[in-house]
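Raw start-v3.cif, mmCIF, C-alpha atoms and all ligand atoms:
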data_structure
#
loop_
_atom_site.group_PDB
_atom_site.id
_atom_site.type_symbol
_atom_site.label_atom_id
_atom_site.label_comp_id
_atom_site.auth_asym_id
_atom_site.auth_seq_id
_atom_site.Cartn_x
_atom_site.Cartn_y
_atom_site.Cartn_z
ATOM 1 C CA MET A 1 184.248 224.009 -69.847
ATOM 2 C CA SER A 2 181.406 221.760 -70.886
ATOM 3 C CA LEU A 3 181.126 218.280 -69.414
ATOM 4 C CA GLU A 4 181.644 216.679 -72.826
ATOM 5 C CA TRP A 5 185.274 217.796 -72.674
ATOM 6 C CA LYS A 6 185.935 215.644 -69.661
ATOM 7 C CA ASN A 7 188.038 212.563 -70.276
ATOM 8 C CA ASN A 8 185.939 210.081 -68.374
ATOM 9 C CA ILE A 9 182.471 210.109 -69.875
ATOM 10 C CA ILE A 10 180.423 206.938 -69.782
ATOM 11 C CA TYR A 11 176.947 206.229 -71.106
ATOM 12 C CA LEU A 12 174.806 203.841 -69.076
ATOM 13 C CA THR A 13 171.827 202.524 -71.016
ATOM 14 C CA PHE A 14 168.842 200.442 -69.893
ATOM 15 C CA ASP A 15 166.821 198.428 -72.404
ATOM 16 C CA ASP A 16 163.392 196.727 -72.403
ATOM 17 C CA GLY A 17 161.664 198.705 -69.624
ATOM 18 C CA PRO A 18 160.095 200.479 -68.006
ATOM 19 C CA THR A 19 159.046 197.952 -65.376
ATOM 20 C CA PRO A 20 157.562 198.814 -61.972
ATOM 21 C CA GLU A 21 159.745 196.117 -60.347
ATOM 22 C CA VAL A 22 163.109 197.520 -61.428
ATOM 23 C CA THR A 23 163.028 200.950 -63.117
ATOM 24 C CA PRO A 24 162.142 203.032 -59.995
ATOM 25 C CA TRP A 25 164.882 201.153 -58.105
ATOM 26 C CA VAL A 26 167.403 202.022 -60.847
ATOM 27 C CA LEU A 27 166.258 205.660 -60.836
ATOM 28 C CA SER A 28 166.782 206.017 -57.106
ATOM 29 C CA LEU A 29 170.322 204.597 -57.297
ATOM 30 C CA LEU A 30 171.181 206.845 -60.245
ATOM 31 C CA ASN A 31 169.930 209.801 -58.203
ATOM 32 C CA LYS A 32 171.976 208.763 -55.194
ATOM 33 C CA TYR A 33 175.161 208.841 -57.307
ATOM 34 C CA GLN A 34 174.074 211.845 -59.398
ATOM 35 C CA SER A 35 174.434 209.755 -62.543
ATOM 36 C CA LYS A 36 172.428 210.109 -65.732
ATOM 37 C CA ALA A 37 171.423 207.307 -68.075
ATOM 38 C CA THR A 38 169.440 206.542 -71.218
ATOM 39 C CA PHE A 39 166.384 204.281 -71.187
ATOM 40 C CA PHE A 40 165.556 202.506 -74.455
ATOM 41 C CA CYS A 41 161.951 201.698 -73.671
ATOM 42 C CA LEU A 42 159.370 199.450 -75.239
ATOM 43 C CA GLY A 43 156.214 201.295 -76.309
ATOM 44 C CA LYS A 44 153.961 198.629 -74.807
ATOM 45 C CA ASN A 45 155.595 199.105 -71.393
ATOM 46 C CA ALA A 46 155.543 202.898 -71.689
ATOM 47 C CA GLU A 47 151.790 202.679 -72.286
ATOM 48 C CA LEU A 48 151.333 200.625 -69.127
ATOM 49 C CA TYR A 49 153.581 202.786 -66.939
ATOM 50 C CA PRO A 50 153.426 206.423 -68.090
ATOM 51 C CA ASP A 51 154.223 207.574 -64.560
ATOM 52 C CA ILE A 52 157.624 205.853 -64.730
ATOM 53 C CA ILE A 53 158.325 207.470 -68.115
ATOM 54 C CA TYR A 54 157.508 210.793 -66.469
ATOM 55 C CA GLN A 55 159.946 210.027 -63.619
ATOM 56 C CA ILE A 56 162.740 209.104 -66.059
ATOM 57 C CA LYS A 57 162.370 212.451 -67.851
ATOM 58 C CA LYS A 58 161.886 214.473 -64.676
ATOM 59 C CA ASN A 59 165.175 213.110 -63.317
ATOM 60 C CA GLY A 60 167.099 214.334 -66.368
ATOM 61 C CA HIS A 61 167.674 210.999 -68.099
ATOM 62 C CA SER A 62 167.156 210.381 -71.808
ATOM 63 C CA ILE A 63 164.468 208.268 -73.392
ATOM 64 C CA GLY A 64 165.094 206.232 -76.516
ATOM 65 C CA ILE A 65 162.872 203.975 -78.605
ATOM 66 C CA HIS A 66 163.416 200.210 -78.587
ATOM 67 C CA GLY A 67 160.227 199.348 -80.540
ATOM 68 C CA TYR A 68 156.633 198.930 -79.448
ATOM 69 C CA GLU A 69 157.273 195.225 -79.131
ATOM 70 C CA HIS A 70 160.702 193.604 -78.928
ATOM 71 C CA LEU A 71 160.980 192.602 -82.594
ATOM 72 C CA ASN A 72 163.875 190.858 -84.278
ATOM 73 C CA GLY A 73 164.558 192.950 -87.394
ATOM 74 C CA TRP A 74 166.086 189.986 -89.227
ATOM 75 C CA LYS A 75 162.812 188.086 -88.877
ATOM 76 C CA THR A 76 160.407 190.962 -89.491
ATOM 77 C CA CYS A 77 159.546 192.569 -92.829
ATOM 78 C CA LYS A 78 160.471 196.211 -93.219
ATOM 79 C CA LYS A 79 156.870 197.453 -93.287
ATOM 80 C CA ARG A 80 155.911 195.752 -90.036
ATOM 81 C CA TYR A 81 159.201 196.741 -88.384
ATOM 82 C CA LEU A 82 158.772 200.428 -89.247
ATOM 83 C CA GLU A 83 155.100 200.405 -88.202
ATOM 84 C CA ASN A 84 156.107 198.967 -84.861
ATOM 85 C CA ILE A 85 158.597 201.766 -84.270
ATOM 86 C CA HIS A 86 156.127 204.379 -85.432
ATOM 87 C CA LYS A 87 153.623 203.014 -82.914
ATOM 88 C CA ALA A 88 156.282 203.236 -80.178
ATOM 89 C CA SER A 89 157.059 206.830 -81.139
ATOM 90 C CA GLN A 90 153.472 207.814 -80.223
ATOM 91 C CA VAL A 91 154.206 207.100 -76.567
ATOM 92 C CA LEU A 92 157.987 207.639 -76.634
ATOM 93 C CA PRO A 93 158.829 210.910 -78.339
ATOM 94 C CA SER A 94 162.555 210.520 -79.021
ATOM 95 C CA GLU A 95 165.125 210.905 -81.767
ATOM 96 C CA ILE A 96 167.238 207.926 -80.788
ATOM 97 C CA PHE A 97 166.540 204.285 -81.508
ATOM 98 C CA ARG A 98 168.235 201.043 -80.505
ATOM 99 C CA PRO A 99 167.274 197.896 -82.437
ATOM 100 C CA PRO A 100 166.231 194.962 -80.222
ATOM 101 C CA TYR A 101 168.953 192.251 -80.243
ATOM 102 C CA GLY A 102 171.021 194.670 -82.353
ATOM 103 C CA LYS A 103 169.425 192.960 -85.337
ATOM 104 C CA ILE A 104 168.331 195.195 -88.150
ATOM 105 C CA THR A 105 168.501 194.766 -91.926
ATOM 106 C CA PRO A 106 170.303 197.338 -94.121
ATOM 107 C CA TRP A 107 166.902 198.358 -95.589
ATOM 108 C CA GLN A 108 165.335 198.936 -92.197
ATOM 109 C CA TRP A 109 168.427 200.840 -91.120
ATOM 110 C CA LEU A 110 168.376 203.074 -94.219
ATOM 111 C CA SER A 111 164.750 204.069 -93.565
ATOM 112 C CA LEU A 112 165.197 204.601 -89.857
ATOM 113 C CA LYS A 113 168.366 206.653 -90.035
ATOM 114 C CA LYS A 114 166.433 209.426 -91.803
ATOM 115 C CA GLN A 115 164.457 209.944 -88.633
ATOM 116 C CA TYR A 116 166.556 208.555 -85.804
ATOM 117 C CA ARG A 117 170.087 208.280 -84.589
ATOM 118 C CA ILE A 118 170.692 204.554 -84.217
ATOM 119 C CA ILE A 119 172.513 203.883 -80.970
ATOM 120 C CA TRP A 120 174.569 200.692 -80.620
ATOM 121 C CA TRP A 121 176.780 199.843 -77.665
ATOM 122 C CA THR A 122 180.363 199.068 -76.829
ATOM 123 C CA TYR A 123 179.613 196.526 -74.101
ATOM 124 C CA LEU A 124 176.684 194.289 -73.220
ATOM 125 C CA SER A 125 176.742 193.574 -69.481
ATOM 126 C CA LYS A 126 174.839 190.251 -69.824
ATOM 127 C CA ASP A 127 172.997 191.281 -66.665
ATOM 128 C CA TYR A 128 170.167 188.936 -67.722
ATOM 129 C CA SER A 129 172.424 185.858 -67.567
ATOM 130 C CA SER A 130 171.108 183.130 -65.284
ATOM 131 C CA LYS A 131 174.641 181.861 -64.628
ATOM 132 C CA LYS A 132 175.546 181.676 -60.967
ATOM 133 C CA ASN A 133 178.913 183.377 -61.232
ATOM 134 C CA LYS A 134 177.844 187.016 -61.414
ATOM 135 C CA TRP A 135 181.113 188.268 -59.898
ATOM 136 C CA TYR A 136 182.781 187.274 -63.176
ATOM 137 C CA LEU A 137 180.276 189.414 -65.126
ATOM 138 C CA PHE A 138 180.974 192.305 -62.787
ATOM 139 C CA LYS A 139 184.752 192.069 -63.282
ATOM 140 C CA LYS A 140 184.252 191.971 -67.052
ATOM 141 C CA LEU A 141 182.001 195.005 -66.845
ATOM 142 C CA LEU A 142 184.729 196.959 -65.034
ATOM 143 C CA ASN A 143 187.303 195.885 -67.626
ATOM 144 C CA HIS A 144 185.070 197.196 -70.415
ATOM 145 C CA SER A 145 184.257 200.534 -68.816
ATOM 146 C CA HIS A 146 186.333 203.224 -70.496
ATOM 147 C CA HIS A 147 185.947 206.794 -71.691
ATOM 148 C CA GLN A 148 183.044 206.930 -74.194
ATOM 149 C CA SER A 149 181.839 203.398 -73.430
ATOM 150 C CA ILE A 150 178.163 202.710 -74.006
ATOM 151 C CA ILE A 151 177.077 199.977 -71.606
ATOM 152 C CA VAL A 152 173.854 197.967 -71.915
ATOM 153 C CA PHE A 153 171.816 196.962 -68.875
ATOM 154 C CA HIS A 154 168.180 195.913 -68.616
ATOM 155 C CA ASP A 155 165.693 197.416 -66.170
ATOM 156 C CA THR A 156 163.740 194.165 -66.057
ATOM 157 C CA PRO A 157 163.116 191.481 -63.400
ATOM 158 C CA LYS A 158 165.341 189.052 -65.312
ATOM 159 C CA ALA A 159 168.348 191.333 -64.844
ATOM 160 C CA PHE A 160 167.524 192.213 -61.254
ATOM 161 C CA PRO A 161 169.602 189.513 -59.516
ATOM 162 C CA PHE A 162 172.736 190.946 -61.147
ATOM 163 C CA LEU A 163 171.751 194.582 -60.703
ATOM 164 C CA ASN A 164 170.776 194.038 -57.094
ATOM 165 C CA ASN A 165 174.190 192.577 -56.332
ATOM 166 C CA TYR A 166 176.417 194.821 -58.372
ATOM 167 C CA PHE A 167 174.817 197.969 -59.780
ATOM 168 C CA GLU A 168 175.432 200.117 -56.711
ATOM 169 C CA GLN A 169 178.977 198.793 -56.450
ATOM 170 C CA TYR A 170 179.453 199.691 -60.115
ATOM 171 C CA LEU A 171 178.223 203.252 -59.578
ATOM 172 C CA GLN A 172 180.603 203.565 -56.620
ATOM 173 C CA TRP A 173 183.475 202.310 -58.746
ATOM 174 C CA LEU A 174 182.608 204.813 -61.498
ATOM 175 C CA ASN A 175 182.568 207.596 -58.904
ATOM 176 C CA GLU A 176 185.902 206.556 -57.426
ATOM 177 C CA ASN A 177 187.440 206.447 -60.889
ATOM 178 C CA ASP A 178 186.133 209.897 -61.681
ATOM 179 C CA PHE A 179 183.695 208.859 -64.414
ATOM 180 C CA THR A 180 180.777 211.092 -65.287
ATOM 181 C CA CYS A 181 177.624 209.305 -66.488
ATOM 182 C CA LEU A 182 175.774 211.325 -69.086
ATOM 183 C CA PRO A 183 172.533 210.722 -70.989
ATOM 184 C CA ILE A 184 172.661 210.195 -74.759
ATOM 185 C CA LYS A 185 170.871 213.111 -76.405
HETATM 186 ZN ZN ZN B 201 166.093 194.674 -75.855
#
Please re-express this file's structure in structure tokens.
Ligand SMILES: [Zn+2]
Amino acid sequence: MSLEWKNNIIYLTFDDGPTPEVTPWVLSLLNKYQSKATFFCLGKNAELYPDIIYQIKKNGHSIGIHGYEHLNGWKTCKKRYLENIHKASQVLPSEIFRPPYGKITPWQWLSLKKQYRIIWWTYLSKDYSSKKNKWYLFKKLLNHSHHQSIIVFHDTPKAFPFLNNYFEQYLQWLNENDFTCLPIK
């Protein structure tokens, strides 16, 4: 029986990396819990840290494109938006794309969907929030973790205070509740 038939599949995704401060830390925790994830990387970061990109792939995770820069599709003309993604694809060979901020115009979307699967999410963890009460974010994250959920995290320094407090606890909780974390292919 293939894993996809299991009833407790969850997709962990990490946007905006790779960063040397956080991505290797995330990779080692994912390894510890034998969990797989998808990293929607920025081309400019991938260019700076090709060794981390190599580690992500070597560990069996998926790589997705999140742009070369973190552009807002609503504020960027189609030509420039597509060029930016094309530039990212030179360093991030992938068939999946996630628009930064989830903001993309119908015209950009129509062009991109010929080449990529556009991956949205079911729950944004708000791991980057500077609010003090991170326990509340953690409880909400658990409440939104179901079969087939696609959860957004960020492997960036801004998200690290939350991840450092709760990501391992989250992976433990997923394990205890018999979830399997798979990469998006
Ligand atoms: Zn992003």
Here is a test: counting only C-alpha atoms, which residue of A:Asp16, A:Glu21, A:Glu47, A:Asp127 is nearest to Ile151 of chain A?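 Once distances to Ile151 of chain A are computed over only C-alpha atoms, the minimum belongs to A:Asp127.
Once only C-alpha atoms and all ligand atoms are used for the distance check, the residues close to ligand ZN 201 (chain B) at 8 Å turn out to be A:Asp15, A:Asp16, A:Phe40, A:His66, A:His70, A:Pro99, A:Pro100, A:Tyr101, A:His154.
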Output check: residues returned by the PyMOL selection byres (((chain A and resi 71-83) around 9) and not hetatm), as a ChimeraX atom specification: /A:66-70,84-88,99-105,107-108,111-112
Have a look at A:Leu137, A:Ile53, A:Ile96, A:Leu12 and name the one nearest to Lys36 of chain A; count all atoms listed in the file.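 Closest candidate: A:Leu12.
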For Pro161 of chain A, work out the shell of residues within 10 Å, counting all atoms listed in the file and skipping chain neighbours fewer than 4 positions away, then give it as a PyMOL selection string. chain A and resi 127-130+132+134+156-157+165-167
Any chance you can output those residues with C-alpha atoms as a compact mmCIF listing (two decimals), in the frame of the given file?
# COMPACT_ATOMS: atom_id res chain seq x y z
CA ASP A 127 173.00 191.28 -66.67
CA TYR A 128 170.17 188.94 -67.72
CA SER A 129 172.42 185.86 -67.57
CA SER A 130 171.11 183.13 -65.28
CA LYS A 132 175.55 181.68 -60.97
CA LYS A 134 177.84 187.02 -61.41
CA THR A 156 163.74 194.16 -66.06
CA PRO A 157 163.12 191.48 -63.40
CA ASN A 165 174.19 192.58 -56.33
CA TYR A 166 176.42 194.82 -58.37
CA PHE A 167 174.82 197.97 -59.78
From the list A:Thr180, A:Gln90, A:Thr38, A:Asn133, which residue is nearest Ile56 of chain A when using all atoms listed in the file?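 Going through A:Thr180, A:Gln90, A:Thr38, A:Asn133 one by one, the smallest distance to Ile56 of chain A is for A:Thr38.
For the pair atom CA of Trp25 of chain A and atom CA of Glu176 of chain A, the separation is 21.7 Å.
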Have a look at atom CA of Ile184 of chain A and atom CA of Pro93 of chain A and let me know their distance in Å, one decimal. 14.3 Å
For each of A:Asn59, A:Ser145, A:Asn8, A:Gln115, take the minimum atom-to-atom distance to Leu29 of chain A, counting only C-alpha atoms, then give the residue where this is smallest.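 Of the candidates, the smallest distance to Leu29 of chain A is held by A:Asn59.
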As an exercise, work out the distance from atom CA of Val91 of chain A to atom CA of Leu110 of chain A in Å and give it to one decimal place.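 Between these atoms lies a distance of 23.0 Å.
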From the list A:Phe138, A:Arg98, A:Ala37, A:Tyr49, which residue is nearest Asn164 of chain A when using all atoms listed in the file? A:Phe138
Residues matched by the PyMOL selection byres (((chain A and resi 149) around 9) and not hetatm), written as JSON, numbers by chain: {"A": [9, 10, 11, 12, 121, 122, 123, 144, 145, 146, 147, 148, 150, 151]}
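For the set A:Leu124, A:Leu48, A:Leu171, A:Leu42, the residue with the smallest atom-to-atom gap to Phe97 of chain A is A:Leu42, counting all atoms listed in the file.
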